[in-house]
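**Student:** This is target15.txt, which holds compact mmCIF, C-alpha atoms and all ligand atoms:
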# COMPACT_ATOMS: atom_id res chain seq x y z
CA MET A 222 -13.93 17.68 17.72
CA SER A 223 -10.39 16.41 16.99
CA LEU A 224 -8.75 17.05 13.62
CA PHE A 225 -8.93 13.31 12.94
CA SER A 226 -12.67 13.17 13.77
CA GLU A 227 -13.24 16.13 11.45
CA ALA A 228 -11.29 14.36 8.72
CA ARG A 229 -13.25 11.15 9.25
CA GLU A 230 -16.46 13.03 8.43
CA VAL A 231 -15.33 13.61 4.86
CA ILE A 232 -12.33 11.38 4.09
CA ALA A 233 -12.59 7.57 3.93
CA GLY A 234 -11.01 6.36 7.18
CA GLY A 235 -9.88 9.94 7.85
CA VAL A 236 -6.67 9.47 5.83
CA ASN A 237 -5.64 9.31 2.20
CA SER A 238 -3.35 6.32 2.78
CA PRO A 239 -4.01 3.70 5.48
CA VAL A 240 -0.63 3.55 7.26
CA ARG A 241 -1.07 7.17 8.34
CA ALA A 242 -4.11 6.34 10.48
CA PHE A 243 -2.17 4.98 13.52
CA ALA A 244 -4.22 1.76 13.22
CA GLY A 245 -1.03 -0.20 13.89
CA VAL A 246 -0.22 1.66 17.12
CA GLY A 247 -3.53 2.95 18.45
CA GLY A 248 -4.55 6.53 19.16
CA GLU A 249 -5.13 9.31 16.68
CA PRO A 250 -2.65 10.48 14.04
CA VAL A 251 -0.74 13.73 14.53
CA PHE A 252 -1.69 16.37 11.95
CA PHE A 253 1.28 18.31 10.64
CA LYS A 254 1.31 21.84 9.31
CA SER A 255 4.93 22.27 8.24
CA ALA A 256 8.29 20.58 7.98
CA LYS A 257 11.82 21.89 7.66
CA GLY A 258 15.10 19.95 7.73
CA SER A 259 14.79 17.06 10.19
CA ARG A 260 11.79 18.57 11.97
CA PHE A 261 8.02 18.41 11.70
CA VAL A 262 5.70 20.97 13.30
CA ALA A 263 2.26 19.68 14.29
CA GLU A 264 -0.94 21.70 14.11
CA ASP A 265 -0.80 22.11 17.91
CA GLY A 266 2.68 23.68 17.61
CA ARG A 267 4.65 20.69 18.94
CA GLU A 268 7.90 19.90 17.15
CA TYR A 269 9.11 16.39 16.32
CA ILE A 270 12.35 14.93 14.99
CA ASP A 271 11.13 13.03 11.94
CA TYR A 272 12.37 9.55 10.96
CA VAL A 273 9.61 8.87 8.42
CA GLY A 274 10.68 11.45 5.85
CA SER A 275 7.38 11.14 3.98
CA TRP A 276 8.05 7.36 3.88
CA GLY A 277 11.41 7.80 2.21
CA PRO A 278 11.58 10.67 -0.30
CA MET A 279 13.01 13.39 1.97
CA ILE A 280 16.64 12.25 1.90
CA LEU A 281 17.86 15.85 2.00
CA GLY A 282 15.47 16.75 4.79
CA HIS A 283 12.26 18.71 4.41
CA ALA A 284 12.02 21.84 2.29
CA HIS A 285 15.65 21.83 1.19
CA PRO A 286 16.24 25.39 -0.12
CA GLU A 287 17.72 24.32 -3.48
CA VAL A 288 14.91 21.84 -4.13
CA ILE A 289 12.30 24.46 -3.24
CA GLU A 290 13.99 26.94 -5.56
CA ALA A 291 13.94 24.40 -8.41
CA VAL A 292 10.26 23.69 -7.78
CA VAL A 293 9.28 27.37 -7.65
CA SER A 294 11.20 28.12 -10.81
CA ALA A 295 9.61 25.16 -12.65
CA ALA A 296 6.13 26.12 -11.39
CA GLN A 297 6.58 29.61 -12.76
CA ASP A 298 7.19 28.03 -16.18
CA GLY A 299 3.85 26.19 -16.02
CA LEU A 300 2.43 23.40 -13.85
CA SER A 301 1.79 20.74 -16.47
CA PHE A 302 2.27 20.45 -20.23
CA GLY A 303 1.03 16.97 -21.18
CA ALA A 304 3.74 17.23 -23.83
CA PRO A 305 7.49 16.55 -23.78
CA CYS A 306 9.84 18.86 -21.90
CA VAL A 307 13.63 18.88 -21.52
CA ARG A 308 13.51 18.35 -17.75
CA GLU A 309 12.22 14.80 -18.46
CA THR A 310 15.28 14.06 -20.59
CA ARG A 311 17.67 15.52 -18.02
CA ILE A 312 16.32 13.43 -15.12
CA ALA A 313 16.33 10.29 -17.31
CA GLU A 314 20.00 10.96 -18.18
CA LYS A 315 20.77 11.36 -14.48
CA VAL A 316 19.05 8.08 -13.53
CA CYS A 317 20.94 6.21 -16.31
CA GLU A 318 24.19 7.71 -15.02
CA MET A 319 23.64 6.92 -11.34
CA MET A 320 22.06 3.45 -11.41
CA PRO A 321 23.88 0.45 -12.91
CA ALA A 322 21.14 -1.53 -14.71
CA VAL A 323 19.42 1.29 -16.58
CA ASP A 324 19.46 1.95 -20.33
CA LYS A 325 16.01 3.52 -20.63
CA VAL A 326 13.56 5.27 -18.31
CA ARG A 327 9.76 5.68 -18.30
CA MET A 328 8.45 8.19 -15.75
CA VAL A 329 5.14 7.67 -13.96
CA SER A 330 3.59 9.34 -10.92
CA SER A 331 3.63 6.78 -8.08
CA GLY A 332 5.44 3.66 -6.94
CA THR A 333 2.27 1.63 -7.43
CA GLU A 334 2.05 2.79 -11.03
CA ALA A 335 5.71 1.88 -11.55
CA THR A 336 5.41 -1.68 -10.23
CA MET A 337 2.03 -2.30 -11.90
CA SER A 338 3.48 -1.16 -15.23
CA ALA A 339 6.66 -3.18 -14.74
CA ILE A 340 4.61 -6.34 -14.21
CA ARG A 341 2.58 -5.65 -17.36
CA LEU A 342 5.79 -5.03 -19.27
CA ALA A 343 7.28 -8.31 -18.03
CA ARG A 344 4.15 -10.22 -19.00
CA GLY A 345 3.88 -8.51 -22.38
CA HIS A 346 7.57 -8.92 -23.17
CA THR A 347 7.75 -12.61 -22.25
CA GLY A 348 4.22 -13.63 -23.28
CA ARG A 349 3.80 -15.37 -19.90
CA ASP A 350 1.34 -14.76 -17.04
CA LYS A 351 2.83 -16.05 -13.80
CA ILE A 352 4.82 -13.88 -11.44
CA ILE A 353 6.78 -14.65 -8.29
CA LYS A 354 6.73 -12.32 -5.30
CA PHE A 355 7.79 -12.74 -1.67
CA GLU A 356 5.75 -12.75 1.50
CA GLY A 357 5.93 -9.42 3.37
CA CYS A 358 7.29 -7.52 0.36
CA TYR A 359 5.02 -4.70 -0.70
CA HIS A 360 4.93 -3.47 -4.27
CA GLY A 361 2.05 -1.01 -4.19
CA HIS A 362 -1.62 -1.77 -4.36
CA SER A 363 -2.27 -3.13 -7.85
CA ASP A 364 -4.24 -6.38 -8.08
CA SER A 365 -1.48 -8.85 -8.95
CA LEU A 366 0.70 -7.60 -6.09
CA LEU A 367 -1.69 -7.32 -3.14
CA ILE A 368 -1.16 -10.90 -2.13
CA LYS A 369 0.60 -11.64 1.17
CA ALA A 370 1.81 -8.05 0.95
CA GLY A 371 3.63 -5.94 3.53
CA SER A 372 3.32 -2.29 4.62
CA GLY A 373 -0.19 -1.01 5.41
CA ALA A 374 -1.78 -4.23 4.15
CA LEU A 375 0.18 -6.17 6.77
CA THR A 376 -0.30 -3.51 9.46
CA LEU A 377 -4.08 -3.65 9.00
CA GLY A 378 -4.12 -7.46 8.79
CA VAL A 379 -5.29 -7.68 5.16
CA PRO A 380 -2.13 -8.83 3.36
CA SER A 381 -4.29 -10.41 0.64
CA SER A 382 -6.96 -7.85 -0.11
CA PRO A 383 -10.60 -8.57 -0.95
CA GLY A 384 -11.36 -7.20 -4.42
CA VAL A 385 -8.51 -9.02 -6.14
CA PRO A 386 -10.10 -11.46 -8.65
CA ALA A 387 -9.21 -15.10 -7.91
CA GLY A 388 -8.42 -15.59 -11.60
CA LEU A 389 -5.69 -12.99 -11.35
CA ALA A 390 -4.40 -14.00 -7.91
CA GLU A 391 -3.78 -17.54 -9.16
CA HIS A 392 -0.99 -16.17 -11.38
CA THR A 393 0.89 -14.75 -8.39
CA ILE A 394 3.19 -17.28 -6.74
CA THR A 395 4.20 -16.13 -3.26
CA LEU A 396 7.40 -17.51 -1.74
CA SER A 397 9.22 -16.85 1.49
CA PHE A 398 11.78 -13.99 1.30
CA ASN A 399 15.34 -15.37 1.47
CA ASP A 400 14.22 -18.98 0.89
CA ILE A 401 16.61 -19.98 -1.89
CA GLU A 402 15.40 -23.57 -2.19
CA SER A 403 11.77 -22.57 -2.72
CA VAL A 404 12.86 -20.31 -5.59
CA LYS A 405 14.71 -23.18 -7.24
CA ASP A 406 11.71 -25.49 -6.74
CA ALA A 407 9.26 -22.98 -8.25
CA PHE A 408 11.44 -22.55 -11.32
CA ALA A 409 11.95 -26.30 -11.65
CA GLU A 410 8.18 -26.79 -11.71
CA LEU A 411 6.91 -23.73 -13.58
CA GLY A 412 9.95 -22.03 -15.11
CA ASP A 413 8.57 -21.75 -18.65
CA GLN A 414 5.39 -20.03 -17.37
CA ILE A 415 7.07 -17.41 -15.21
CA ALA A 416 7.15 -13.88 -16.61
CA CYS A 417 9.11 -12.33 -13.77
CA VAL A 418 10.28 -12.32 -10.20
CA ILE A 419 9.63 -9.06 -8.35
CA VAL A 420 11.51 -8.43 -5.12
CA GLU A 421 12.48 -5.59 -2.82
CA PRO A 422 16.28 -6.11 -2.83
CA ILE A 423 16.25 -5.04 0.82
CA ALA A 424 12.74 -5.58 2.14
CA GLY A 425 11.51 -2.36 3.73
CA ASN A 426 7.80 -2.96 4.06
CA MET A 427 8.01 -5.61 6.81
CA ASN A 428 10.41 -3.49 8.84
CA MET A 429 13.91 -3.85 7.28
CA VAL A 430 15.06 -7.29 6.13
CA PRO A 431 18.27 -7.66 4.11
CA PRO A 432 18.86 -10.56 1.73
CA VAL A 433 20.90 -13.59 2.79
CA GLU A 434 24.01 -14.38 0.80
CA GLY A 435 23.14 -16.07 -2.48
CA PHE A 436 19.47 -15.04 -2.53
CA HIS A 437 19.71 -12.40 -5.26
CA GLU A 438 22.33 -14.40 -7.13
CA THR A 439 19.86 -17.32 -7.25
CA LEU A 440 17.04 -15.06 -8.47
CA ARG A 441 19.30 -13.69 -11.21
CA GLU A 442 20.47 -17.13 -12.26
CA GLU A 443 17.04 -18.77 -12.29
CA CYS A 444 15.43 -15.89 -14.20
CA THR A 445 18.15 -15.90 -16.83
CA LYS A 446 17.96 -19.69 -17.27
CA ALA A 447 14.15 -19.66 -17.60
CA GLY A 448 13.89 -16.56 -19.80
CA ALA A 449 12.01 -14.71 -17.04
CA LEU A 450 12.71 -11.11 -16.06
CA LEU A 451 14.08 -10.01 -12.71
CA ILE A 452 12.44 -6.88 -11.31
CA PHE A 453 14.09 -5.08 -8.42
CA ASP A 454 11.50 -2.93 -6.70
CA GLU A 455 13.73 -0.09 -5.57
CA VAL A 456 10.90 2.34 -4.86
CA MET A 457 12.20 2.43 -1.29
CA THR A 458 15.89 1.53 -1.69
CA GLY A 459 16.62 3.43 -4.91
CA PHE A 460 18.85 6.46 -4.19
CA ARG A 461 18.21 5.72 -0.49
CA VAL A 462 20.59 2.92 0.52
CA ALA A 463 23.37 3.98 -1.89
CA ARG A 464 23.96 6.30 -4.86
CA GLY A 465 23.16 3.44 -7.27
CA GLY A 466 20.48 1.78 -5.14
CA ALA A 467 20.55 -1.72 -3.65
CA GLN A 468 21.61 -3.17 -7.02
CA SER A 469 24.91 -1.33 -6.67
CA VAL A 470 25.34 -2.65 -3.12
CA PHE A 471 24.82 -6.30 -4.15
CA GLY A 472 26.31 -6.13 -7.64
CA ILE A 473 23.23 -7.66 -9.26
CA GLU A 474 21.74 -6.30 -12.50
CA PRO A 475 17.97 -6.67 -12.68
CA ASP A 476 16.19 -6.47 -16.05
CA ILE A 477 13.71 -3.89 -14.78
CA THR A 478 13.93 -1.60 -11.75
CA THR A 479 11.05 0.33 -10.23
CA LEU A 480 11.77 3.67 -8.59
CA GLY A 481 9.74 6.12 -6.51
CA LYS A 482 10.11 8.27 -3.41
CA VAL A 483 13.63 9.88 -3.66
CA ILE A 484 13.40 10.16 -7.47
CA GLY A 485 10.57 12.69 -6.99
CA GLY A 486 12.30 14.63 -4.21
CA GLY A 487 8.96 14.88 -2.36
CA MET A 488 6.82 15.47 -5.45
CA PRO A 489 4.69 12.72 -7.08
CA ALA A 490 7.15 11.10 -9.47
CA ALA A 491 8.24 7.50 -9.97
CA ALA A 492 9.65 5.43 -12.80
CA TYR A 493 10.24 2.00 -14.22
CA VAL A 494 13.58 1.66 -15.90
CA GLY A 495 15.75 -1.06 -17.37
CA ARG A 496 17.35 -2.92 -20.23
CA ALA A 497 16.93 -1.31 -23.67
CA ASP A 498 15.44 -4.36 -25.41
CA VAL A 499 12.88 -4.87 -22.63
CA MET A 500 11.94 -1.18 -22.45
CA ALA A 501 11.48 -1.25 -26.25
CA SER A 502 8.31 -3.28 -25.67
CA ILE A 503 6.57 -0.23 -24.16
CA ALA A 504 4.24 1.88 -26.34
CA PRO A 505 4.81 3.78 -28.59
CA ASP A 506 7.89 1.71 -29.59
CA GLY A 507 6.25 -1.59 -28.65
CA PRO A 508 2.82 -3.09 -27.95
CA VAL A 509 2.69 -2.92 -24.11
CA TYR A 510 0.46 0.03 -23.29
CA GLN A 511 1.00 2.46 -20.42
CA ALA A 512 0.27 6.19 -20.26
CA GLY A 513 -0.28 9.09 -17.84
CA THR A 514 -1.50 12.69 -18.10
CA LEU A 515 0.89 13.86 -15.36
CA SER A 516 3.78 11.48 -16.16
CA GLY A 517 7.01 13.47 -16.39
CA ASN A 518 5.32 16.50 -14.84
CA PRO A 519 7.78 19.42 -15.11
CA VAL A 520 7.53 20.52 -11.48
CA ALA A 521 8.03 16.96 -10.19
CA MET A 522 10.95 16.50 -12.60
CA ALA A 523 12.58 19.66 -11.27
CA ALA A 524 12.30 18.46 -7.64
CA GLY A 525 13.60 15.00 -8.53
CA LEU A 526 16.47 16.21 -10.69
CA LYS A 527 17.71 18.71 -8.11
CA THR A 528 17.51 16.02 -5.41
CA LEU A 529 19.51 13.54 -7.51
CA GLU A 530 22.10 16.19 -8.33
CA LEU A 531 22.59 16.95 -4.64
CA ILE A 532 22.99 13.30 -3.60
CA ASP A 533 25.29 12.35 -6.48
CA ASP A 534 28.37 12.73 -4.34
CA ASP A 535 30.48 10.18 -2.44
CA ASP A 536 30.84 12.40 0.65
CA PHE A 537 27.07 12.69 0.86
CA TRP A 538 26.77 8.90 1.18
CA THR A 539 29.64 8.57 3.65
CA THR A 540 28.08 11.19 5.91
CA LEU A 541 24.52 9.88 5.61
CA SER A 542 25.60 6.28 6.31
CA ALA A 543 27.60 7.43 9.36
CA LYS A 544 24.55 9.26 10.75
CA THR A 545 22.36 6.18 10.32
CA GLN A 546 25.03 3.96 11.87
CA LYS A 547 25.31 6.28 14.86
CA LEU A 548 21.54 6.17 15.33
CA VAL A 549 21.17 2.37 15.20
CA ASP A 550 24.25 1.81 17.38
CA GLY A 551 22.82 4.23 19.93
CA LEU A 552 19.38 2.62 19.85
CA ALA A 553 20.85 -0.89 20.16
CA ALA A 554 23.08 0.14 23.09
CA ALA A 555 20.18 1.89 24.87
CA ALA A 556 17.97 -1.18 24.42
CA ALA A 557 20.72 -3.49 25.71
CA ASP A 558 21.23 -1.28 28.80
CA ALA A 559 17.51 -1.58 29.54
CA GLY A 560 17.52 -5.36 28.94
CA ILE A 561 15.19 -5.07 25.92
CA PRO A 562 16.09 -7.46 23.09
CA VAL A 563 16.06 -5.79 19.67
CA ALA A 564 17.49 -6.50 16.24
CA VAL A 565 18.68 -3.53 14.17
CA GLU A 566 19.64 -3.10 10.52
CA ASN A 567 20.89 -0.18 8.45
CA GLN A 568 22.15 0.64 4.99
CA GLY A 569 22.74 4.17 3.71
CA GLY A 570 19.88 6.29 5.00
CA MET A 571 17.52 3.41 5.88
CA PHE A 572 17.22 1.52 9.17
CA GLY A 573 15.17 -1.13 10.92
CA LEU A 574 14.39 -1.88 14.57
CA VAL A 575 12.53 -5.06 15.56
CA PHE A 576 11.63 -6.11 19.11
CA THR A 577 12.86 -9.69 19.04
CA ASP A 578 15.33 -11.92 20.87
CA ALA A 579 15.65 -14.22 17.83
CA GLY A 580 18.71 -12.45 16.41
CA PRO A 581 18.99 -10.91 12.95
CA VAL A 582 15.66 -10.74 11.13
CA ARG A 583 15.79 -12.50 7.77
CA SER A 584 12.19 -13.44 6.90
CA TYR A 585 8.59 -12.39 7.26
CA ALA A 586 8.10 -15.17 9.85
CA HIS A 587 10.83 -13.58 12.02
CA VAL A 588 9.16 -10.17 11.87
CA ALA A 589 5.70 -11.61 12.46
CA ALA A 590 6.95 -13.33 15.65
CA ALA A 591 8.32 -10.05 17.08
CA ASP A 592 6.84 -8.26 20.10
CA ILE A 593 4.38 -5.88 18.44
CA GLU A 594 2.86 -4.70 21.76
CA ARG A 595 6.29 -3.57 22.90
CA PHE A 596 6.76 -1.67 19.62
CA ARG A 597 3.44 0.13 20.20
CA ALA A 598 4.50 1.24 23.66
CA PHE A 599 7.89 2.32 22.30
CA PHE A 600 6.28 4.28 19.45
CA HIS A 601 4.02 6.25 21.81
CA GLY A 602 6.82 6.79 24.31
CA MET A 603 9.02 8.25 21.57
CA LEU A 604 6.16 10.38 20.27
CA ASP A 605 5.73 11.85 23.77
CA GLU A 606 9.47 12.61 23.73
CA GLY A 607 9.15 14.49 20.40
CA VAL A 608 10.42 11.75 18.07
CA TYR A 609 8.21 10.74 15.13
CA LEU A 610 8.71 7.13 13.99
CA ALA A 611 6.66 5.18 11.44
CA PRO A 612 3.37 4.25 13.13
CA SER A 613 3.74 0.55 12.37
CA ALA A 614 6.08 -2.26 13.45
CA PHE A 615 6.29 -3.28 9.78
CA GLU A 616 7.94 -0.20 8.31
CA ALA A 617 11.56 0.86 7.91
CA GLY A 618 12.86 4.20 9.22
CA PHE A 619 14.74 6.92 7.35
CA VAL A 620 17.54 9.30 8.27
CA SER A 621 18.16 12.41 6.17
CA ALA A 622 21.17 14.59 5.51
CA ALA A 623 19.46 17.23 7.65
CA HIS A 624 19.59 15.13 10.84
CA SER A 625 22.23 16.74 13.02
CA ASP A 626 24.39 15.12 15.69
CA ASP A 627 22.21 16.90 18.21
CA ASP A 628 19.05 15.33 16.67
CA LEU A 629 20.63 11.88 16.85
CA ASP A 630 21.84 12.39 20.46
CA LYS A 631 18.40 13.61 21.53
CA THR A 632 16.76 10.61 19.83
CA ILE A 633 19.10 8.13 21.50
CA ALA A 634 18.57 9.78 24.90
CA ALA A 635 14.79 9.68 24.38
CA ALA A 636 15.00 6.00 23.44
CA ALA A 637 17.07 5.20 26.55
CA LYS A 638 14.34 6.77 28.68
CA VAL A 639 11.51 5.00 26.84
CA PHE A 640 13.23 1.59 26.79
CA GLY A 641 13.72 1.98 30.54
CA ASN A 642 9.96 2.37 31.00
CA LEU A 643 8.87 -0.57 28.82
N1 LIG A 701 4.98 2.52 0.74
C1 LIG A 701 5.12 3.31 1.93
C2 LIG A 701 5.98 2.62 2.92
N2 LIG A 701 5.59 1.34 3.23
C3 LIG A 701 3.87 3.69 2.55
C4 LIG A 701 3.16 4.70 1.79
C5 LIG A 701 1.74 4.55 2.11
O1 LIG A 701 1.26 3.41 2.02
O2 LIG A 701 1.16 5.57 2.44
Would you mind writing the file's structure down as structure tokens?
**Tutor:**
Amino acid sequence: MSLFSEAREVIAGGVNSPVRAFAGVGGEPVFFKSAKGSRFVAEDGREYIDYVGSWGPMILGHAHPEVIEAVVSAAQDGLSFGAPCVRETRIAEKVCEMMPAVDKVRMVSSGTEATMSAIRLARGHTGRDKIIKFEGCYHGHSDSLLIKAGSGALTLGVPSSPGVPAGLAEHTITLSFNDIESVKDAFAELGDQIACVIVEPIAGNMNMVPPVEGFHETLREECTKAGALLIFDEVMTGFRVARGGAQSVFGIEPDITTLGKVIGGGMPAAAYVGRADVMASIAPDGPVYQAGTLSGNPVAMAAGLKTLELIDDDDFWTTLSAKTQKLVDGLAAAAADAGIPVAVENQGGMFGLVFTDAGPVRSYAHVAAADIERFRAFFHGMLDEGVYLAPSAFEAGFVSAAHSDDDLDKTIAAAAKVFGNL
């Protein structure tokens, strides 16, 4: 019996998160037993160069010695207190220092918790119910946000999940990512009812889709005019595309930012952060309730803080960006040599690759029209060559500081071979 079949006997769908199941590419998922640096080792002993990085957190590579040391030391002090500890204050100080639009921090344990809480905060703070999100953006799996969502929901073909009450869904207005006019129209019609706009500043859950010029500026302007809050969901882009996240790249200050992945350094930690007067609405200072037994867990704080300390360095970002650039340039050149049309994107340690001849990808409709069958063949070809990519055409890829020139050269050579066979 395969490891996946064994898992299916006792785990719903055989996985604890749907995108891991290979449903988007076919076949059975690889089971991993260890990871170090840029490499994964599977249960059968095969080694892979990893471009998933646990879906984003592992920006330093797997099992970075200083992060492991911080985790071990924190664990020896106790696994969970359910009471304040200084590590929580230190990581909050670090986040305020590194990210532009942050006065106050509230730690939670997952990206879903962060976005769900941010939406409640926006509704509670403004006294309004309606929210605007964008098609193909994924903000975790809470009810208000699982409507025309990206990531696993898109991969499995259930972007609007059953189980979301119609009465709640009617408060979520879904617009097309990068469609500036539709944003203006929605505010013209419903501006005084809109609590917030939530957006991935660079969409990373429908492959990688950057904003067009003026998109974020329009969101900022319309929210400010209408008294609505702007939420940047930087669970994926925060501390991943730049030291100060996507907001530092575009020079836009959201009212609330949601963080996850890198902020936990591979441990379950996330946060929603933002403007002091907005954050003052959260209990115990304000009436908007949110709580968590493991929020600010000392071991997770230690992993996150050490990770942030290690990436808080200009040279780190120059080197990481150069590695990612080398990878996407190599992939694009290899595809062109083989006559395979692709569109690539990259920023910091994040990249996208879409099989399309329609030029740069700027909306969900562009991604949806791409050649998904070709992606599936590419994914399996690369897997056979020892390169582990996200098992879905709708996910971004991640490069870490641990990826060496040799890793990148091997990956580009593997891609040249696989493109040639498509
Ligand atoms: N949010 C992650 C990237 N799309 C996926 C995590 C998961 O759904 O397991």
**Student:** Take the point (14.7, -1.8, 12.3) as written in the file and pick out every residue within 10 Å of it, counting all atoms listed in the file; give the list as number ranges by chain.
**Tutor:** A: 425, 427-430, 549, 552, 563-567, 571-576, 582, 614-618
**Student:** With all atoms listed in the file counted, collect every polymer residue having an atom within 9 Å of ligand LIG 701 (chain A); state the result as a PyMOL selection string.
**Tutor:** chain A and resi 237-241+275-277+332-333+359-362+371-374+425-428+456-457+482+611+615-617
**Student:** Just to confirm, what's the straight-line distance from atom CA of A:Gly602 to atom CA of A:Ala590 in Å (one decimal)?
**Tutor:**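 Calculated distance between atom CA of A:Gly602 and atom CA of A:Ala590 is 21.9 Å.
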**Student:** Skipping near chain neighbours, those fewer than 6 positions away, what residues fall within 8 Å of A:Leu342 using all atoms listed in the file, listed as a PyMOL selection string?
**Tutor:** chain A and resi 499-500+502-503+509
**Student:** Go through A:Ala512, A:Val292, A:Ala233, A:Val246 and flag the residue nearest A:Gly486, using all atoms listed in the file for the distances.
**Tutor:**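 Comparing A:Ala512, A:Val292, A:Ala233, A:Val246 against A:Gly486, the winner is A:Val292.
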**Student:** Could you check the closest approach to A:Ala622 for each of A:Val420, A:Ile532, A:Val433, A:Met488 and tell me which residue wins, using only C-alpha atoms?
**Tutor:**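 Ranking A:Val420, A:Ile532, A:Val433, A:Met488 by distance to A:Ala622, first place goes to A:Ile532.
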**Student:** What separation in Å, quoted to one decimal, exists between atom CA of A:Glu434 and atom CA of A:Glu410?
**Tutor:**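 Interatomic distance here is 23.7 Å.
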**Student:** Separation of atom CA of A:Met603 and atom CA of A:Glu356, in Å?
**Tutor:** 29.2 Å
**Student:** If I put a ball of radius 12 Å at (7.4, 19.4, -19.4) in the file's coordinates, which residues poke into it when counting only C-alpha atoms, written as a list in words?
**Tutor:**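 The distance filter leaves exactly Ala295, Ala296, Asp298, Gly299, Leu300, Ser301, Phe302, Gly303, Ala304, Pro305, Cys306, Val307, Arg308, Glu309, Thr310, Arg311, Ile312, Met328, Thr514, Leu515, Ser516, Gly517, Asn518, Pro519, Val520, Ala521, Met522 and Ala523 of chain A.
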**Student:** In terms of the shortest atom-to-atom distance over all atoms listed in the file, which of A:Ile419, A:Ala242, A:Ala322, A:Ile633 is closest to A:Thr336?
**Tutor:**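 Smallest separation from A:Thr336 among the options: A:Ile419.
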**Student:** What lies within 6 Å of A:Gly258 using all atoms listed in the file, ignoring chain neighbours under 3 positions off, as a PyMOL selection string?
**Tutor:** chain A and resi 282-283+623
**Student:** Pick out the residues sitting within 8 Å of A:Lys315, and hand them over as a list in words; count only C-alpha atoms, and ignore anything fewer than 5 positions along from it in its own chain.
**Tutor:**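 The contact residues come out as Leu526, Leu529 and Glu530 of chain A.
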**Student:** Compile the contact shell of A:Ala637 as a list in words: residues with an atom at most 10 Å away, counting all atoms listed in the file, same-chain residues fewer than 5 positions apart removed.
**Tutor:**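 My list of contacting residues is Gly551, Leu552, Ala553, Ala554, Ala555, Ala556, Ala557, Asp558, Ala559, Met603, Lys631, Thr632 and Asn642 of chain A.
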**Student:** Restricting the calculation to only C-alpha atoms, which member of A:Ser338, A:Ser613, A:Thr445, A:Ser365 is positioned closest to A:Thr478?
**Tutor:**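 Nearest to A:Thr478: A:Ser338.
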**Student:** As number ranges by chain, please: the residues near A:Phe243 (cut-off 9 Å, all atoms listed in the file, same-chain neighbours under 5 positions excluded).
**Tutor:** A: 248-251, 612-613
**Student:** Using the file's own x, y and z axes, so that the box edges lie along x, y and z, what centre and edge lengths in Å (one decimal) does a box around every listed atom of stretch 364-371 of chain A get when 6 Å is added on each side? Give it as AutoDock Vina command-line options.
**Tutor:**
--center_x -0.3 --center_y -8.8 --center_z -2.7 --size_x 19.9 --size_y 17.7 --size_z 24.5
**Student:** With distances taken over all atoms listed in the file, which residue among A:Pro431, A:Gly384, A:Gly266, A:Gly507 lies nearest A:Val462?
**Tutor:**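 Between A:Pro431, A:Gly384, A:Gly266, A:Gly507, the residue approaching A:Val462 most closely is A:Pro431.
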